[in-house]
There are 2 protein chains.
Amino acid sequence: MCQSVEMKAIEWLDDRLRLIDQTTLPSGLASIECRAPEDVAEAIVNMRVRGAPAIGIAAGYGMALAAARSGAKDVPDLMRDLNAAAQMLRRTRPTAVQLFWATDEALKAAREAADVIDATRRVLDAAHRLRERERRANLALARHGAELIPIVANILTHCNTGELATAGYGTALGIVRTAHAQGKRIHVWVDETRPALQGARLAAWELLKEGIPHTVIVDSAAASLMRRGKVDVVVVGADRIAANGDTANKVGTYGLAVIARAHGVPFYVAAPTSTIDPRLPNGDAIPIEERSPDEIRRIGNMRIAPDGSPALNLAFDVTPHDLISAIVTELGVIRSPYDHRLTSMVRDALQAV
Amino acid sequence: MCQSVEMKAIEWLDDRLRLIDQTTLPSGLASIECRAPEDVAEAIVNMRVRGAPAIGIAAGYGMALAAARSGAKDVPDLMRDLNAAAQMLRRTRPTAVQLFWATDEALKAAREAADVIDATRRVLDAAHRLRERERRANLALARHGAELIPIVANILTHCNTGELATAGYGTALGIVRTAHAQGKRIHVWVDETRPALQGARLAAWELLKEGIPHTVIVDSAAASLMRRGKVDVVVVGADRIAANGDTANKVGTYGLAVIARAHGVPFYVAAPTSTIDPRLPNGDAIPIEERSPDEIRRIGNMRIAPDGSPALNLAFDVTPHDLISAIVTELGVIRSPYDHRLTSMVRDALQAV
């Protein structure tokens with residue numbers, strides 16, 4: 001347990017990966033150290049590290065750990081170990097596309113190596129590069145997105161999209177940070193975000209740390225706040241964006257988009273281009289993770305629903321593109337129709353790497 | 001602690017009131033005994049007894065306890081004690097109109113009495129009558145409402161509106177019980193209903209006890225279930241209905257009504273006519289209770305948001321009448337426009353008492 005608030009969400013320590021354990025917040029700030037790809041997979045499955053960009057970065061370092069621990073004598077042997085690690089890491093959570101990107105990048109880097117030592121170095125470099133690229137993308141998208149925030153604004157957000165979720169500056173919460181730093185008078189409504197409470201536990205903790213005015217609400221209170229004129233803009237992150245702009249994000253996002261539309265409130269999605277999956281024509285093809293019903297039936301040790309009652313725990317939902325006022329990436333703000341523009345944006349982003 | 005499932009939600013035991021303590025469910029079935037109106041007020045404030053009809057009945061018996069414990073020598077003296085008890089009980093929770101009805105009925109009953117003994121008997125009789133009237137109203141409205149339920153139906157409900165909430169058969173959940181008893185193939189989506197979790201803790205417990213198929217979901221999952229075509233009808237209760245049909249109910253109800261409309265799903269409100277407040281022209285005048293932020297920041301002993309983060313805990317919201325497909329009372333099903341028809345319905349109901 002380390003109480004320093006300077007602890008980084010994800011940090012590479014020469015031969016191991018240190019992660020803030022997001023499950024213990026806000027009661028305590030603790031970290032875990034991963035020395036093998038299995039440790040990283042466990043941390044992702046149990047949401048010790050979460051948030052699509054952060055998951056991708058952790059998986060990248062998971063590949064670096066796999067390379068470092070491999071006893072392989074040549075590159076083909078190493079590739080077998082790396083492929084096994086990639087398979088394991090990809091099985092952890094199906095929705096966030098960064099997980100697939102990050103492991104692919106690692107495999108590509110190793111495949112081009114001259115020998116095992118070179119490959120191991122290249123896989124670690126790929127992880128560092130991914131992390132740095134995501135950090136820069138956060139800063140750029142936050143700058144673009146802050147232009148969408150009025151000078152005085154009540155901003156509603158869902159889930160956590162800050163430093164913890166991105167190992168960087170944040171996506172939706174990065175926009176909030178930048179708008180606040182620009183001197184805009186903002187106040188954030190933080191959806192608590194059941195069942196895992198990433199809003200109440202993590203977004204509120206980050207906003208408190210940054211001194212940004214905010215108020216936690218239950219998810220179902222958003223609609224009546226909008227009706228009272230207390231919400232000027234909604235900004236959320238994304239776990240995967242299809243080619244037409246349909247967006248998978250934390251369960252509850254779709255309902256928010258519907259009620260925002262009904263009240264004439266702009267609804268923005270903020271995500272790096274690494275979130276865009278141009279292979280999927282629309283959101284119907286995005287796999288939606290179903291997690292344990294006990295994440296709904298229990299909070300900590302407390303039983304909040306009868307054990308005999310079934311519970312359905314879909315971790316994400318899909319918001320159709322026509323409910324999204326704009327998508328903010330590191331390359332700028334784009335408005336519907338999104339077709340082709342998203343795909344070409346990904347192409348541009350890849351060329352810029 | 002009593003483990004009998006036959007325990008009644010609210011029971012008068014000669015000289016005291018026994019209530020199921022709804023805060024301990026579903027982990028344990030416990031009861032409390034109220035021997036003074038202060039005990040009843042405490043139980044209402046701390047939601048040991050909750051649900052608009054149940055609160056009204058408990059308050060009626062609270063008045064009976066006040067009369068029984070009064071040392072008054074004559075009716076004017078007794079009226080002073082009863083007025084004080086009524087004031088205290090009315091301050092407990094501002095939104096449910098039954099609290100005001102029930103205390104008014106008790107005062108009216110006492111005022112007409114010949115002496116203190118007669119008055120004490122009349123106040124208790126008024127409480128018994130109120131309870132019996134609500135029970136009969138539940139059964140009648142459940143019969144009317146069940147006609148709105150398709151033969152095969154996924155029904156979504158919010159909060160708890162069953163036996164616990166009504167000390168009777170239930171309102172929205174009474175409709176569910178009747179439809180199930182009629183052999184309709186129903187399945188209930190139970191919104192967990194943050195922050196106090198009346199859906200997960202209480203509605204699921206009642207449905208499990210009755211053997212009615214159901215699944216608990218987080219409140220924010222309702223929209224994506226509707227989008228997938230998994231919700232055929234929404235049925236909720238009410239805490240107060242204004243003359244034009246605007247309805248105050250548990251926070252989250254309004255958002256549900258908005259998303260139901262967006263998906264073409266019928267949205268029904270089920271409540272006895274005692275819930276209708278014809279003095280209020282519309283929902284803007286309904287007082288909305290704001291409860292402690294710690295009901296959001298903590299669950300049991302567990303901290304789920306930083307103590308330094310403000311939280312806004314509005315217990316109810318108002319759904320405008322144009323989003324309500326029909327209102328079901330013991331006198332039948334009425335559809336919009338509700339004006340005048342609700343007011344005359346209340347008049348008819350009062351004459352029928």
# chains A, B, ... in the order shown; residues from 1 in each chain; ligands from 1
>>> select_by_dssp(residues="region 114-333 of chain B", states="alpha helix (DSSP H)", output="number ranges by chain")
B: 116-146, 163-166, 172-181, 198, 204-210, 222-227, 253-262, 294-297
>>> interface_residues(of="chain A", to="chain B", cutoff="6 Å", atoms="only C-alpha atoms", output="count of residues only")
17
>>> atom_distance(atom1="CA of Val333 (chain B)", atom2="CA of Gly183 (chain B)")
21.2 Å
>>> select_by_dssp(residues="region 137-271 of chain B", states="strand (DSSP E or B)", output="JSON, numbers by chain")
{"B": [152, 153, 154, 155, 156, 157, 185, 186, 187, 188, 189, 190, 191, 214, 215, 216, 217, 233, 234, 235, 236, 240, 241, 242, 247, 248, 249, 250, 267, 268, 269, 270]}
>>> residues_around(residues="Arg48 (chain B)", least_positions_apart="4", cutoff="6 Å", atoms="only C-alpha atoms", output="PyMOL selection string")
chain B and resi 21-23+43
>>> write_last_selection(atoms="N, CA and C atoms", output="compact mmCIF listing (two decimals), in the first residue's frame")
# COMPACT_ATOMS: atom_id res chain seq x y z
N ASP B 21 -38.92 -4.64 9.17
CA ASP B 21 -37.85 -3.65 8.98
C ASP B 21 -37.27 -3.85 7.58
N GLN B 22 -37.69 -2.99 6.65
CA GLN B 22 -37.32 -3.18 5.24
C GLN B 22 -35.84 -2.91 4.97
N THR B 23 -35.14 -2.34 5.96
CA THR B 23 -33.72 -2.04 5.73
C THR B 23 -32.84 -3.29 5.85
N ALA B 43 -39.22 5.17 12.02
CA ALA B 43 -39.26 4.09 11.03
C ALA B 43 -39.50 4.64 9.62
>>> residues_around(residues="region 243-246 of chain A", least_positions_apart="3", cutoff="12 Å", atoms="only C-alpha atoms", output="ChimeraX atom specification")
/A:238-240,249,253-254,257,268-271,273,275-286,317-328,334-347
>>> atom_distance(atom1="CA of Arg177 (chain A)", atom2="CA of Leu139 (chain A)")
10.1 Å
>>> residues_around(residues="region 33-38 of chain A", least_positions_apart="5", cutoff="12 Å", atoms="only C-alpha atoms", output="PyMOL selection string")
chain A and resi 1+9-21+43-45+48-49+58-70+81-92+103
>>> atom_distance(atom1="CA of Ala106 (chain B)", atom2="CA of Glu290 (chain B)")
27.3 Å
